[in-house]
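**Q** Right, I'll just put the structure down here and ask away after.
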Amino acid sequence: MLQVENVVAAYGQSTILWGTSLEVKAGAVTTVMGRNGVGKTTLLKTIMGVITAREGKVVFKDRDITALGPAGKAKAGIAYVPQGREIIPKLTVYENLLLGLEAAPDRRAGIPEEEIYRLFPILKDFRKRAGGNLSGGQQQQLAIARALVSRPSLLLLDEPTEGIQPSIAQEIGHILQQLVQEKGLSVLLVEQKIDFARQVSDYYYFMDRGKMINHGSAEEMDFASLERHIAV
Amino acid sequence: GKTGENTTDNGETVKIGVLHSLSGTMAISEVSLRDAVQMAVDEINASGGVLGKKIEPVIVDPASDWDLFAEKAKELLIDKKVSAVFGCWTSVSRKSVLPVFEENNGLLFYPVQYEGEECSNNVIYTGATPNQQLIPAAEYLMSEKGGGYKKFYLLGTDYVFPRTANKILKAYLLSKGVPNENIIEEYTPFHHQDYQTIVSKIKRFAADGKACVLSTINGDSNVPFYKEFANQGLSSATCPIMAFSVAEDELRSMDTEFLVGHLAAWNYFQSNDSPENKKFVEAFKAFCEKKGLPGGSKRVTDDPICWAYTGVYLWARAATKAGSFDVNKVRTALSGLEFDSPDGKVKMDVGNHHLAKPVMIGEIKPDGQFDIISKTDNLVSPQPWSPLTSPDKDCDWVNHKGTYTK
Amino acid sequence: MLLSVNNLAVSFGGVQALSLSHFSLQPQELRVIIGPNGAGKSTFLDIICGRTKPDTGEVYFNDRAIMGMTEVSIARLGIGRKFQQPSVFPGLTVYDNLLLAAKMKKDILSSLFFKPSQLLKARIHEVAEKIGLTKVLSSIAGALSHGQKQWLEIGIVVLQDPKLLLIDEPAAGMSDEETYKTGELLLELSNNHGIIVIEHDMKFVQQIARERVTVLERGKLLVEGSFNDIRNDQRVIDCYLGRNNTQLENL
Amino acid sequence: MLQVALARETNTDALRAGKDILYAIQLNTTTDAQTAKRYIDSLAENWGDNAPVFLSAYAKSKKPFADYAGQKASSLERKYDYLQKVQNLFSGLSLGSILILIALGLSIVYGLAGIINMAHGEFLMIGAYTTYCIQTLFTEVLKVPYTDLLFIISLPLSFLVAGLLGLLLERLVVRHLYARPLESLLATWGVSLILIQTARSLFGDLTAVKTPAFLSGGLAVSPHLVLPYNRIFIIGLTALIVLLTYLMLYKTRIGLQIRAVTQNRNMSACLGIDTKKVAALTFFFGSGLAGIAGCAMTLIGNVVPDMGQTYIVDSFLVVVTGGVGKIVGTIVSGLGIGFFTKILEAFFQAVYGKVCILLFIMLFMQYKPKGLFPYKGRLAED
Amino acid sequence: MEKKIYYLLFIAFFALLLPAGHLMGWVSINTISLWGRYFCFAIAALGIDLIWGYTGILSMCQAFFFCLGSYGIAMHMLLKTSGSALPEFMVWNKVESLPFFWVPFQSFGLTLVLCLVIPSLLAFVIGYVLFRSRIKGVYMAIITQALALAMWLLFLRNETGLGGTNGLTDFKTLLGLPLSNTYVKLGLYLMSLLLLCVAYFACYQITHSKFGKVLQAIRDSESRVSFTAYKVMDYKLAVFVVAALLAAIGGMLYAPQTGIITPGRMDVKASVEMVMWVALGGRGKLKGAVAGALLVNFLYSICTSLFPDSWLYILGFLFVITVLFFDKGFVGLMDNLTKRKEPCY
Ligand SMILES: Nc1ncnc2c1ncn2[C@@H]1O[C@H](COP(=O)(O)OP(=O)(O)OP(=O)(O)O)[C@@H](O)[C@H]1O
Ligand SMILES: Nc1ncnc2c1ncn2[C@@H]1O[C@H](COP(=O)(O)OP(=O)(O)OP(=O)(O)O)[C@@H](O)[C@H]1O
Ligand SMILES: NC(N)=O
Ligand SMILES: [Mg+2]
Ligand SMILES: [Mg+2]
């Protein structure tokens, strides 16, 4: 589905990713874990095209999309739920959802309202409120909902359960599994909470200082040793 | 400062300074004066120059920035060592360079009508003094031929020329028995655009058909003023506007439909159909076309253009007469000098550095030209100190040291 | 009583965001507040620190009414706040962030003639060590990752040395290991500070909730009790924890 | 003799003036009290320009019904005052519309780049020069006799030309500055210098556009109250433009995209919006609105290179007083400032009126530091 | 160390070389005065850098404070010039007796005090009103701009007794010294240079103290500063007053060297231009403010003479290009040129 090959990325003079590689398999949840500041978010931003890779390649569905901008990538079927939610604050909840349609393969299908509101009931009550006025957790829900509206084939999630109440976090886990199984969605998840990661992941990568230091499938993983690794 | 010998003659050329704003708010008016000076220079150079030297104009842009006027004047006099400077339009700019010219004994040719009350040894005023423009205009409006108006709305841009002009006008009107309540004075800032309120005030003031407007509005405020005037249903028949700062150059591309019949007082009009003027007008159009200046052959001449042009000739004649470019000698030579200007013969006053010239009143025609409806037969002598407001003062550099008490 | 609150209510656009009849906190108590998204937890902290004006109600800090005071006055009384979205000085270095926060006279003149004492420097390094930012002390705070900013903001509040710390979701965006470290830090602080912590990470809550946990729902107090009471309270499970929660099962 | 002339007169103004004099003469010559009263009534009813003067002169005499004439005279004065108030309100509305017309584009562009577009006034100037060029092109190059149609077609053309130049500015300059909004203030300042100088060297000094015939003169509500057509036109135009802008921004997909991009470029891009296109379009639209405003301004003022500077501070004020990014705010504050200015101008000279307005706005900001219609709640915080 | 050399070079050039050049007859007194005036602008620019560069408050009325200083000193000089008579412009305007607010300016000491106190006091009041209601960002910029506009309009009026559009001009002496004298001009130049250095040093101390860091913190996140127990309002007010004071000091030195002060110096454009100097020099760096003010004004002077028809293009393009490609201004550009490029990896 997605191959990241030896990507180098930097903010100005400080290089964060030093030749990172990773592969996201179709119809599976791939999780990247790592301590604070190792470059997980940077990796997702680079894949999405918010930061341009200085070296290396990003290949999506056998197509080299390294040079494509974020909008192009969104249209190609990648949806992104960033860390920090990035709700458009002065638009209403509904308008925020409408924006999800921008990258949808078929705009006319509209917002799958029932599905979304079943998942996140609070969004229905708050349809007309400004997105920026929602509580932190509500915004996170909105961000995920917005990504789902665009019916992506690859979903990039940056710590999606951050600030979300446990029941909904669990629900999100279920939904992800469901989407992966039923619709063949592929997911690249960045997560620090092992519990959630374990609930949904099929494959793991561990990152340290801009490089992948270990990876393997859920079955192969020795979490005890990894936890030690991440802790330092 | 170092006086006297601040003139250079490094062989072939003699330098003069041109100090007109080429950018900023005043560029609209002053660029034409730069062109007029340039044309005079070209003509003189083509006919052999002055005292065997070609004139080399040093053009700078004081950018409608009054401080920069002073700075540029210093630069021209001290660093560039020019023999004379041709420049300024607004009185502010003249006031700002005045100390510089006096300190460095320079010579400034100032081509625009102004408020008087000044008498500098270092300025040659080729524009009109109040008695050469303001008073004859008011006189005309009060006369039977002019309509016998009894109420006067003095409207001006808020700066020294309109303020002083209105002070003098008011003194004149009061002296002619116009009651105080029949005179209204009002000022708007430069670039004022919204004349709705003022025009409705005028409309009420003029309801009985006996009122006229004496306008010292300057620059780009004129168009919105005249348009609003017409649109609220006023016209030259009900309430004429006598303008002191609207000339052909301003009318050139105004929508003259609104203006027809309104008046202006000047010392020169392009429509003056003497042969020398026709030649001048043709020459100016040809010059603008040849130099590729905006407007090209559609350019017109007007009063300040005429005096800016005349100024250069006056200086050249005086230098020739003096046989030197030295400021003191040129100044002496200028006293009483006569010259055949596009406006006919004009004469430098013997003592006060101003120019004696005819006074005319014109009525605006649809083509942006003026119908000359009144013209003095003789040259009107300049009075820098108006007898109306400063009866005890006069200006004379020959028998006195400038301003003196009579 | 370090903090006591009566009949606090605020609504936004017709929705009652908070309506709390009573709440109180002892001087050295660490209180955890949990509750569904949008329950009004952050709003509660916003009111205490003067950021949001309540419609009605009173807040007493050390028996002093603080409603209507400005943020600065409240901060000067000794209430420090960590926000849900990290809020640091992005243009300053990490060290300067900490330096500005440290407890000291904060008027203009003192600032103009301020010289950091050895003691203060040592303290800053000590805190930096604790929050794991020693290596990035001289980098610009705006360039930190999300988690690092969280840490930095905790450091800022700690150095302020307030009597009452209001901490909104400190563990968000941190790994389990770091979450644990945060917990230890908070527990240590609770030895001589009053602390209110908001969190959704149950493991973390379990770690730090030595005394009572408060559950809010739709702006109202749902229950208050020990962690275990709460964990097994049916109402809390229904509205907040969720049934058969795999993540909670290994608690 | 006068009566005979009047009978033949068809011009209403002249007729009224004539009657005025006629009645006055008759009033002053009559000796009969009742006839005098009749003439007093006629004078008042006819309400010629000099009626109040004649009446109050009569009132001073010792003749019959002198008091009555005095009453009539002052009632005419009162009517006049009332009309003057109406005129003032109309002036306020007209000034307000102009401010709104200019501020609207500014507000949209401000929202996009998060900066004060210092060159906004210059797009106004470009719109005005476009109108001027079209007029010159048709009347002088193609020798078409001037028709009112010219003005009508120059409205959309001004929009287009100013819009396209705005687009160019966005593509060449502003595009590089989205991450550094403050600096774009400086860059656009530089651009405004360049544009002014360009206009000056292309067109030289002041030029003016001929007002189309159907817009000159005014609607004579009463002989003493004339509402100029050009101003009525501008008021209507503003209403139309405001409506269209509102519909575009709030009811269309592109409007949604614009609003999203103005608030968060990066995220909008991640959602699949072509931010480049949207930004360019926004600039196009905002500058185009300025162009239309410029075209409209040719109806009341002249066309000069630095005409953009005249209203620019006022329109910034409108944007700010209304609350940045709020169309309703822009409208309400534009009208408010327009009315207040005119009301104050009736009492003070123009300048003092303006100074009062500026100080008043400062005080107003004490109560509404984020404008009339601020965003409420958390999203308003920094 | 390397830094110090630049400072020394700057001082050596302007304090020694330029005056020496004049005495040798290579540099005209006009050039000297010109630089003296640029120094006045640089002093004001330092204030703008403090308030805008460091604190992030875009104040668009600094030119007004500059003019307050200028007008004060100009009033004094004019009164000394006209002696017991009324200043000339009052005679034209038919003002019969000296307006009350002119009276204190007869004394030089009082003039100095008033020139410093009035701008500070006004800045305090304006700042208090604006900061109290938490006006910031564009709102601040536009409101201060409107304020400048209002003041400009008032100063333009003749009724206000300050010379209207013409302003005040034709000063002859200061402290009994003839202003036309070359050595007096040289003295004023050196005085401006000295005060620029003093102002620079003072600003340096301010920005490198904790006070300066609080200012930057306010720029970054005002609410965080409040929650960290600093009274944001006090700090903003203090820096606003300091900036106004610096502007006024610049203005006080400006009037005697230019020989005229008019409301044109304080119109809306003037304030924007001042901000522009700082931006082009490099905002947030004191060196930048000084370099920007000197360079832009120098360019303005020479371009209006060398390229009278096209200088606006030159300056306009310079602004645009500097902003587009050298986002840290001249100083940033210099740093880039002098420093070796750090390797990326
Ligand atoms: N805008 C920026 N400019 C410069 N450096 C940055 C910027 N954003 C992040 N960094 C640096 O890049 C490194 C990686 O940041 P990133 O946000 O990718 O980390 P992360 O792995 O997502 O951490 P976290 O778990 O805390 O979110 C950090 O050390 C941070 O300091
Ligand atoms: N300015 C506002 N306008 C409208 N609604 C608001 C505003 N501020 C907060 N709310 C609403 O008030 C409620 C309480 O919000 P609050 O942020 O306190 O929740 P919270 O308990 O902190 O939630 P979370 O766990 O998601 O952070 C939410 O429903 C939110 O949408
Ligand atoms: N002298 C003038 N017209 O300003
Ligand atoms: Mg991250
Ligand atoms: Mg919250």
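Each chain in the structure tokens gets a letter, A, B and so on, in the order shown; residues start at 1 in every chain, and ligands are counted from 1 in the order they appear.
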Could the residues that lie within 7 Å of ligand 1, counting only C-alpha atoms and all ligand atoms, be listed as a ChimeraX atom specification?
**A** /A:11-12,14,16,34-43 /C:142-148,173-174
**Q** Return as a PyMOL selection string every polymer residue, whether protein, DNA or RNA, with at least one atom no more than 8 Å from an atom of ligand 5; count only C-alpha atoms and all ligand atoms.
**A** (chain A and resi 135-137+163) or (chain C and resi 37-38+40-43+84+168-169+198)
**Q** Got a sec to check which residues lie within 9 Å of ligand 2, using only C-alpha atoms and all ligand atoms, and send them as a ChimeraX atom specification?
**A** /A:122,126,129-140,163-165 /C:10-18,34-46,84,168-169,198-200,216-219 /D:376-380
**Q** Residues of chain D were defined as contacting chain B if any atom lay at most 6 Å from it, counting only C-alpha atoms; please report them as a PyMOL selection string.
**A** chain D and resi 49-50+203-205+207-208+210+217-218+226+228+300-302
**Q** Taking 5 positions as the minimum chain separation for residues in the same chain, which residues sit within 9 Å of Ser271 in chain E when counting only C-alpha atoms? Answer as a PyMOL selection string.
**A** chain E and resi 59-64+145+148+265-266+276
**Q** Range 6-230 of chain A: which residues are alpha helix (DSSP H) by DSSP, as a PyMOL selection string?
**A** chain A and resi 40-48+70-76+93-100+113-119+121-125+136-149+166-183+194-200+223-230
